[in-house]
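Text of the file work-v9.txt, holding compact mmCIF, N, CA, C and O atoms:
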```
# COMPACT_ATOMS: atom_id res chain seq x y z
N THR N 291 16.86 58.79 26.57
CA THR N 291 17.22 58.60 25.18
C THR N 291 18.63 58.01 25.12
O THR N 291 18.85 56.94 25.63
N LEU N 292 19.55 58.70 24.49
CA LEU N 292 20.91 58.17 24.36
C LEU N 292 21.59 58.10 25.73
O LEU N 292 22.21 57.09 26.07
N PHE N 293 21.43 59.15 26.53
CA PHE N 293 22.02 59.15 27.87
C PHE N 293 21.41 58.05 28.72
O PHE N 293 22.09 57.34 29.44
N ARG N 294 20.09 57.93 28.65
CA ARG N 294 19.37 56.93 29.43
C ARG N 294 19.85 55.52 29.07
O ARG N 294 20.09 54.69 29.94
N SER N 295 20.00 55.29 27.79
CA SER N 295 20.47 53.99 27.32
C SER N 295 21.89 53.70 27.80
O SER N 295 22.20 52.59 28.26
N ALA N 296 22.76 54.70 27.71
CA ALA N 296 24.14 54.53 28.17
C ALA N 296 24.19 54.29 29.68
O ALA N 296 24.96 53.44 30.16
N GLN N 297 23.35 54.99 30.42
CA GLN N 297 23.30 54.83 31.88
C GLN N 297 22.87 53.40 32.24
O GLN N 297 23.43 52.79 33.14
N ARG N 298 21.89 52.88 31.52
CA ARG N 298 21.42 51.52 31.79
C ARG N 298 22.49 50.48 31.44
O ARG N 298 22.68 49.51 32.16
N ARG N 299 23.16 50.69 30.31
CA ARG N 299 24.23 49.75 29.94
C ARG N 299 25.36 49.79 30.97
O ARG N 299 25.91 48.75 31.32
N PHE N 300 25.68 50.98 31.45
CA PHE N 300 26.73 51.12 32.46
C PHE N 300 26.33 50.39 33.74
O PHE N 300 27.13 49.66 34.34
N ALA N 301 25.08 50.58 34.17
CA ALA N 301 24.59 49.91 35.38
C ALA N 301 24.64 48.39 35.20
O ALA N 301 25.05 47.66 36.11
N HIS N 302 24.27 47.93 34.02
CA HIS N 302 24.31 46.49 33.74
C HIS N 302 25.76 45.98 33.77
O HIS N 302 26.04 44.91 34.32
N SER N 303 26.68 46.75 33.21
CA SER N 303 28.10 46.36 33.21
C SER N 303 28.62 46.26 34.64
O SER N 303 29.38 45.34 34.97
N LEU N 304 28.24 47.22 35.47
CA LEU N 304 28.68 47.17 36.87
C LEU N 304 28.12 45.95 37.58
O LEU N 304 28.81 45.30 38.38
N GLN N 305 26.88 45.62 37.28
CA GLN N 305 26.25 44.48 37.92
C GLN N 305 26.93 43.17 37.49
O GLN N 305 27.11 42.26 38.29
N GLU N 306 27.35 43.10 36.24
CA GLU N 306 27.96 41.88 35.71
C GLU N 306 29.46 41.79 36.00
O GLU N 306 30.06 40.75 35.78
N PHE N 307 30.05 42.87 36.49
CA PHE N 307 31.50 42.90 36.72
C PHE N 307 31.91 41.86 37.76
O PHE N 307 31.30 41.74 38.81
N LYS N 308 32.93 41.12 37.43
CA LYS N 308 33.49 40.12 38.36
C LYS N 308 35.01 40.27 38.37
O LYS N 308 35.64 40.38 37.33
N PHE N 309 35.56 40.28 39.58
CA PHE N 309 37.00 40.35 39.73
C PHE N 309 37.64 39.03 39.30
O PHE N 309 37.10 37.96 39.56
N GLU N 310 38.76 39.15 38.65
CA GLU N 310 39.58 37.96 38.42
C GLU N 310 40.61 37.95 39.54
O GLU N 310 41.38 38.88 39.69
N PHE N 311 40.56 36.93 40.33
CA PHE N 311 41.46 36.90 41.48
C PHE N 311 42.41 35.72 41.39
O PHE N 311 42.14 34.72 40.74
N ILE N 312 43.52 35.90 42.05
CA ILE N 312 44.56 34.87 42.07
C ILE N 312 44.30 33.99 43.29
O ILE N 312 44.06 34.48 44.39
N GLY N 313 44.33 32.71 43.08
CA GLY N 313 44.09 31.81 44.21
C GLY N 313 42.66 31.33 44.24
O GLY N 313 41.91 31.44 43.27
N ASP N 314 42.28 30.81 45.40
CA ASP N 314 40.97 30.19 45.52
C ASP N 314 39.88 31.13 46.05
O ASP N 314 38.70 30.81 45.95
N ALA N 315 40.26 32.25 46.67
CA ALA N 315 39.24 33.08 47.32
C ALA N 315 39.50 34.56 47.06
O ALA N 315 40.63 34.98 46.81
N GLU N 316 38.42 35.33 47.16
CA GLU N 316 38.51 36.79 47.04
C GLU N 316 39.03 37.37 48.35
O GLU N 316 38.79 36.82 49.43
N THR N 317 39.70 38.49 48.23
CA THR N 317 40.15 39.19 49.43
C THR N 317 38.97 39.99 49.99
O THR N 317 37.95 40.19 49.32
N ASP N 318 39.13 40.47 51.20
CA ASP N 318 38.09 41.31 51.81
C ASP N 318 37.86 42.58 50.97
O ASP N 318 36.72 43.02 50.80
N ASP N 319 38.96 43.16 50.48
CA ASP N 319 38.84 44.36 49.65
C ASP N 319 38.05 44.08 48.38
O ASP N 319 37.19 44.87 47.97
N GLU N 320 38.33 42.95 47.75
CA GLU N 320 37.61 42.60 46.53
C GLU N 320 36.12 42.38 46.80
O GLU N 320 35.27 42.83 46.03
N ARG N 321 35.79 41.73 47.91
CA ARG N 321 34.39 41.54 48.28
C ARG N 321 33.70 42.88 48.55
O ARG N 321 32.56 43.11 48.15
N CYS N 322 34.42 43.76 49.20
CA CYS N 322 33.88 45.09 49.53
C CYS N 322 33.64 45.89 48.24
O CYS N 322 32.59 46.51 48.07
N ILE N 323 34.62 45.86 47.34
CA ILE N 323 34.48 46.57 46.07
C ILE N 323 33.33 45.98 45.26
O ILE N 323 32.52 46.70 44.69
N ASP N 324 33.24 44.66 45.22
CA ASP N 324 32.18 43.98 44.48
C ASP N 324 30.81 44.38 45.04
O ASP N 324 29.88 44.70 44.29
N ALA N 325 30.68 44.38 46.35
CA ALA N 325 29.41 44.77 46.98
C ALA N 325 29.08 46.23 46.66
O ALA N 325 27.92 46.58 46.38
N SER N 326 30.10 47.09 46.67
CA SER N 326 29.89 48.50 46.36
C SER N 326 29.43 48.68 44.92
O SER N 326 28.54 49.48 44.63
N LEU N 327 30.04 47.94 44.00
CA LEU N 327 29.65 48.03 42.59
C LEU N 327 28.21 47.54 42.39
O LEU N 327 27.45 48.14 41.63
N GLN N 328 27.84 46.47 43.09
CA GLN N 328 26.47 45.96 43.00
C GLN N 328 25.47 46.99 43.52
O GLN N 328 24.42 47.23 42.91
N GLU N 329 25.82 47.62 44.64
CA GLU N 329 24.93 48.63 45.21
C GLU N 329 24.82 49.84 44.31
O GLU N 329 23.73 50.39 44.09
N PHE N 330 25.94 50.28 43.74
CA PHE N 330 25.94 51.42 42.83
C PHE N 330 25.14 51.09 41.57
O PHE N 330 24.39 51.93 41.06
N SER N 331 25.27 49.88 41.07
CA SER N 331 24.51 49.44 39.90
C SER N 331 23.02 49.50 40.20
O SER N 331 22.23 50.00 39.38
N ALA N 332 22.60 49.00 41.35
CA ALA N 332 21.19 49.05 41.73
C ALA N 332 20.71 50.49 41.86
O ALA N 332 19.60 50.83 41.44
N PHE N 333 21.56 51.36 42.40
CA PHE N 333 21.23 52.77 42.53
C PHE N 333 21.01 53.40 41.15
O PHE N 333 20.03 54.12 40.93
N LEU N 334 21.90 53.11 40.20
CA LEU N 334 21.77 53.68 38.85
C LEU N 334 20.50 53.19 38.15
O LEU N 334 19.81 53.96 37.49
N ARG N 335 20.20 51.90 38.31
CA ARG N 335 18.97 51.36 37.71
C ARG N 335 17.75 52.05 38.30
O ARG N 335 16.83 52.45 37.58
N ASN N 336 17.73 52.20 39.62
CA ASN N 336 16.62 52.87 40.29
C ASN N 336 16.52 54.33 39.84
O ASN N 336 15.41 54.85 39.61
N LEU N 337 17.65 54.99 39.71
CA LEU N 337 17.67 56.38 39.26
C LEU N 337 17.04 56.51 37.88
O LEU N 337 16.21 57.39 37.63
N GLU N 338 17.39 55.61 36.97
CA GLU N 338 16.84 55.65 35.62
C GLU N 338 15.34 55.34 35.62
O GLU N 338 14.59 55.95 34.88
N GLU N 339 14.92 54.41 36.45
CA GLU N 339 13.49 54.11 36.56
C GLU N 339 12.72 55.33 37.06
O GLU N 339 11.66 55.67 36.53
N GLN N 340 13.26 55.99 38.08
CA GLN N 340 12.60 57.17 38.64
C GLN N 340 12.59 58.32 37.63
O GLN N 340 11.61 59.07 37.54
N ARG N 341 13.67 58.47 36.88
CA ARG N 341 13.74 59.52 35.86
C ARG N 341 12.67 59.27 34.79
O ARG N 341 12.00 60.19 34.33
N GLU N 342 12.50 58.02 34.40
CA GLU N 342 11.49 57.67 33.40
C GLU N 342 10.09 57.93 33.94
O GLU N 342 9.25 58.49 33.23
N ILE N 343 9.84 57.57 35.18
CA ILE N 343 8.54 57.83 35.80
C ILE N 343 8.27 59.33 35.86
O ILE N 343 7.16 59.80 35.55
N MET N 344 9.29 60.11 36.21
CA MET N 344 9.14 61.56 36.28
C MET N 344 8.86 62.14 34.89
O MET N 344 8.00 63.01 34.73
N ALA N 345 9.56 61.64 33.87
CA ALA N 345 9.36 62.15 32.51
C ALA N 345 7.93 61.86 32.04
O ALA N 345 7.28 62.72 31.44
N ILE N 346 7.43 60.68 32.34
CA ILE N 346 6.05 60.33 31.97
C ILE N 346 5.07 61.23 32.72
O ILE N 346 4.13 61.76 32.13
N SER N 347 5.33 61.43 34.00
CA SER N 347 4.46 62.28 34.81
C SER N 347 4.44 63.71 34.30
O SER N 347 3.37 64.33 34.19
N VAL N 348 5.60 64.26 34.00
CA VAL N 348 5.69 65.63 33.48
C VAL N 348 4.95 65.73 32.16
O VAL N 348 4.21 66.69 31.92
N ASN N 349 5.12 64.73 31.33
CA ASN N 349 4.43 64.74 30.03
C ASN N 349 2.92 64.72 30.22
O ASN N 349 2.20 65.47 29.56
N GLU N 350 2.44 63.89 31.12
CA GLU N 350 1.00 63.76 31.33
C GLU N 350 0.39 64.97 32.05
O GLU N 350 -0.73 65.36 31.74
N THR N 351 1.10 65.51 33.01
CA THR N 351 0.51 66.58 33.83
C THR N 351 0.82 67.99 33.34
O THR N 351 0.11 68.92 33.70
N LEU N 352 1.86 68.14 32.51
CA LEU N 352 2.24 69.49 32.08
C LEU N 352 2.23 69.65 30.57
O LEU N 352 1.55 70.52 30.03
N ILE N 353 2.98 68.82 29.88
CA ILE N 353 3.15 68.98 28.44
C ILE N 353 1.85 68.78 27.67
O ILE N 353 1.45 69.64 26.87
N LYS N 354 1.17 67.66 27.90
CA LYS N 354 -0.08 67.39 27.17
C LYS N 354 -1.15 68.45 27.42
O LYS N 354 -1.77 68.92 26.46
N PRO N 355 -1.38 68.87 28.68
CA PRO N 355 -2.37 69.94 28.89
C PRO N 355 -1.98 71.25 28.20
O PRO N 355 -2.84 71.95 27.67
N LEU N 356 -0.70 71.58 28.20
CA LEU N 356 -0.26 72.80 27.51
C LEU N 356 -0.47 72.69 26.01
O LEU N 356 -0.89 73.67 25.36
N GLU N 357 -0.19 71.53 25.44
CA GLU N 357 -0.42 71.34 24.01
C GLU N 357 -1.91 71.45 23.68
O GLU N 357 -2.29 72.07 22.69
N ARG N 358 -2.75 70.83 24.52
CA ARG N 358 -4.19 70.93 24.32
C ARG N 358 -4.66 72.39 24.41
O ARG N 358 -5.44 72.85 23.57
N PHE N 359 -4.15 73.11 25.40
CA PHE N 359 -4.50 74.53 25.56
C PHE N 359 -4.09 75.32 24.33
O PHE N 359 -4.87 76.11 23.81
N ARG N 360 -2.89 75.06 23.86
CA ARG N 360 -2.40 75.78 22.68
C ARG N 360 -3.28 75.51 21.47
O ARG N 360 -3.67 76.42 20.75
N LYS N 361 -3.61 74.25 21.26
CA LYS N 361 -4.41 73.89 20.09
C LYS N 361 -5.85 74.39 20.20
O LYS N 361 -6.38 74.96 19.25
N GLU N 362 -6.45 74.16 21.35
CA GLU N 362 -7.87 74.48 21.50
C GLU N 362 -8.13 75.97 21.74
O GLU N 362 -8.98 76.56 21.08
N LYS N 363 -7.41 76.54 22.67
CA LYS N 363 -7.71 77.93 23.06
C LYS N 363 -6.97 78.94 22.19
O LYS N 363 -7.58 79.87 21.69
N LEU N 364 -5.67 78.75 22.04
CA LEU N 364 -4.91 79.74 21.27
C LEU N 364 -5.25 79.70 19.79
O LEU N 364 -5.26 80.73 19.13
N GLY N 365 -5.57 78.52 19.29
CA GLY N 365 -5.99 78.41 17.90
C GLY N 365 -7.26 79.21 17.65
O GLY N 365 -7.38 79.93 16.65
N ALA N 366 -8.20 79.09 18.57
CA ALA N 366 -9.46 79.83 18.45
C ALA N 366 -9.21 81.33 18.55
O ALA N 366 -9.82 82.11 17.81
N VAL N 367 -8.33 81.74 19.43
CA VAL N 367 -8.01 83.16 19.58
C VAL N 367 -7.38 83.70 18.30
O VAL N 367 -7.71 84.81 17.86
N LYS N 368 -6.50 82.93 17.69
CA LYS N 368 -5.87 83.37 16.43
C LYS N 368 -6.93 83.57 15.34
O LYS N 368 -6.87 84.54 14.58
N GLU N 369 -7.89 82.65 15.27
CA GLU N 369 -8.95 82.78 14.27
C GLU N 369 -9.78 84.04 14.54
O GLU N 369 -10.12 84.78 13.61
N GLU N 370 -10.11 84.28 15.80
CA GLU N 370 -10.88 85.48 16.14
C GLU N 370 -10.08 86.74 15.83
O GLU N 370 -10.65 87.74 15.39
N LYS N 371 -8.77 86.70 16.06
CA LYS N 371 -7.93 87.87 15.75
C LYS N 371 -7.93 88.13 14.25
O LYS N 371 -7.99 89.29 13.82
N LYS N 372 -7.88 87.08 13.45
CA LYS N 372 -7.93 87.25 11.99
C LYS N 372 -9.24 87.93 11.58
O LYS N 372 -9.24 88.86 10.77
N LYS N 373 -10.35 87.44 12.15
CA LYS N 373 -11.65 88.04 11.86
C LYS N 373 -11.68 89.51 12.28
O LYS N 373 -12.17 90.38 11.56
N PHE N 374 -11.15 89.78 13.48
CA PHE N 374 -11.11 91.15 13.98
C PHE N 374 -10.28 92.04 13.07
O PHE N 374 -10.69 93.16 12.72
N ASP N 375 -9.11 91.56 12.66
CA ASP N 375 -8.25 92.35 11.78
C ASP N 375 -8.93 92.63 10.44
O ASP N 375 -8.82 93.73 9.90
N LYS N 376 -9.63 91.62 9.92
CA LYS N 376 -10.33 91.79 8.65
C LYS N 376 -11.43 92.85 8.79
O LYS N 376 -11.58 93.74 7.95
N GLU N 377 -12.20 92.77 9.87
CA GLU N 377 -13.27 93.75 10.11
C GLU N 377 -12.69 95.14 10.36
O GLU N 377 -13.26 96.14 9.92
N THR N 378 -11.59 95.20 11.08
CA THR N 378 -10.93 96.49 11.34
C THR N 378 -10.49 97.12 10.03
O THR N 378 -10.66 98.32 9.81
N GLU N 379 -9.93 96.30 9.14
CA GLU N 379 -9.48 96.80 7.84
C GLU N 379 -10.67 97.34 7.03
O GLU N 379 -10.59 98.41 6.42
N LYS N 380 -11.80 96.61 7.06
CA LYS N 380 -13.01 97.08 6.37
C LYS N 380 -13.47 98.41 6.96
O LYS N 380 -13.83 99.33 6.24
N ASN N 381 -13.45 98.49 8.30
CA ASN N 381 -13.90 99.70 8.98
C ASN N 381 -13.02 100.89 8.59
O ASN N 381 -13.52 101.98 8.28
N TYR N 382 -11.70 100.69 8.62
CA TYR N 382 -10.79 101.78 8.24
C TYR N 382 -10.97 102.18 6.78
O TYR N 382 -10.90 103.36 6.43
N SER N 383 -11.24 101.22 5.93
CA SER N 383 -11.45 101.50 4.51
C SER N 383 -12.71 102.36 4.33
O SER N 383 -12.70 103.35 3.59
N LEU N 384 -13.79 101.97 5.01
CA LEU N 384 -15.02 102.76 4.93
C LEU N 384 -14.84 104.16 5.52
O LEU N 384 -15.33 105.15 4.97
N LEU N 385 -14.11 104.22 6.62
CA LEU N 385 -13.83 105.52 7.25
C LEU N 385 -13.02 106.40 6.31
O LEU N 385 -13.30 107.59 6.16
N ASP N 386 -12.04 105.81 5.66
CA ASP N 386 -11.19 106.54 4.71
C ASP N 386 -12.03 107.06 3.55
O ASP N 386 -11.90 108.22 3.14
N LYS N 387 -12.94 106.22 3.02
CA LYS N 387 -13.83 106.65 1.93
C LYS N 387 -14.73 107.79 2.39
O LYS N 387 -14.94 108.78 1.67
N HIS N 388 -15.27 107.66 3.59
CA HIS N 388 -16.16 108.71 4.12
C HIS N 388 -15.41 110.03 4.28
O HIS N 388 -15.92 111.08 3.90
N LEU N 389 -14.20 109.96 4.83
CA LEU N 389 -13.41 111.19 5.00
C LEU N 389 -13.05 111.79 3.65
O LEU N 389 -13.04 113.01 3.49
N SER N 390 -12.76 110.94 2.68
CA SER N 390 -12.42 111.42 1.35
C SER N 390 -13.62 112.12 0.72
O SER N 390 -13.49 113.18 0.11
N MET N 391 -14.79 111.53 0.88
CA MET N 391 -16.02 112.15 0.34
C MET N 391 -16.33 113.45 1.08
O MET N 391 -16.72 114.43 0.46
N SER N 392 -16.11 113.48 2.39
CA SER N 392 -16.36 114.69 3.17
C SER N 392 -15.45 115.81 2.72
O SER N 392 -15.85 116.97 2.65
N ALA N 393 -14.21 115.46 2.42
CA ALA N 393 -13.26 116.48 1.98
C ALA N 393 -13.67 117.03 0.62
O ALA N 393 -13.55 118.24 0.36
N LYS N 394 -14.15 116.16 -0.28
CA LYS N 394 -14.59 116.61 -1.61
C LYS N 394 -15.81 117.52 -1.48
O LYS N 394 -15.91 118.53 -2.16
N ILE N 395 -16.74 117.16 -0.62
CA ILE N 395 -17.95 117.96 -0.43
C ILE N 395 -17.58 119.31 0.19
O ILE N 395 -18.11 120.35 -0.19
N GLY N 396 -16.64 119.31 1.09
CA GLY N 396 -16.21 120.55 1.75
C GLY N 396 -15.53 121.49 0.76
O GLY N 396 -15.62 122.71 0.89
N ARG N 397 -14.86 120.99 -0.25
CA ARG N 397 -14.18 121.83 -1.23
C ARG N 397 -15.14 122.33 -2.30
O ARG N 397 -14.88 123.31 -2.97
N ALA N 398 -16.22 121.64 -2.47
CA ALA N 398 -17.12 122.00 -3.56
C ALA N 398 -17.98 123.21 -3.27
O ALA N 398 -18.01 123.96 -2.47
```
Rewrite the coordinates I just gave you, this time as structure tokens.
Amino acid sequence: TLFRSAQRRFAHSLQEFKFEFIGDAETDDERCIDASLQEFSAFLRNLEEQREIMAISVNETLIKPLERFRKEKLGAVKEEKKKFDKETEKNYSLLDKHLSMSAKIGRA
């Protein structure tokens, strides 16, 4: 996202970086630094590509199956729990009525 975009821009900046040198030729140090920056830029680009591949893989192999499980299985379980709770409430209500009637008959 934002970090990924900044990382790519930074890698691109490193790749495009050129020393301004005095005279007609670069020094050995400047060539060495330039080569190091190019290599580091390539490393950062590769790192971002691999991170993106990993994110897609995680999404496909973990996140999507978990979302499907939540929607398909847990949704069904919630519906069954609602039905169970409703039936339990009916059962307790009938039991309460029966006990109330039993108590009235016992006092009579």
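Computed from the coordinates, the atom C of N:Glu310 to atom C of N:Asn336 distance equals 29.1 Å.
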*Just asking: which residues within stretch 345-384 of chain N are alpha helix (DSSP H) according to DSSP, as JSON, numbers by chain?*
{"N": [345, 346, 347, 348, 354, 355, 356, 357, 358, 359, 365, 366, 367, 368, 369, 370, 371, 372, 373, 374, 375, 376, 377, 378, 379, 380, 381, 382, 383, 384]}
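With atom O of N:Ser303 on one side and atom O of N:Asp319 on the other, the separation reads 15.2 Å.
Of note, atom O of N:Arg294 and atom C of N:Ser331 are spaced 11.9 Å apart.
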Given 6 Å of margin on each side, can you work out the centre and size in Å (one decimal) of an axis-aligned box holding every listed atom of stretch 372-376 of chain N, as lines of an AutoDock Vina configuration file?
```
center_x = -10.0
center_y = 90.4
center_z = 11.0
size_x = 16.3
size_y = 18.7
size_z = 18.0
```
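Restricting the calculation to only C-alpha atoms, the smallest distance between N:Thr291 and any of N:Asp386, N:Glu342, N:Glu329, N:Glu379 is found for N:Glu342.
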_Taking all atoms listed in the file into account, name the residue in N:Lys394, N:Leu356, N:Lys372, N:Arg298 that is nearest to N:Arg335._
N:Arg298
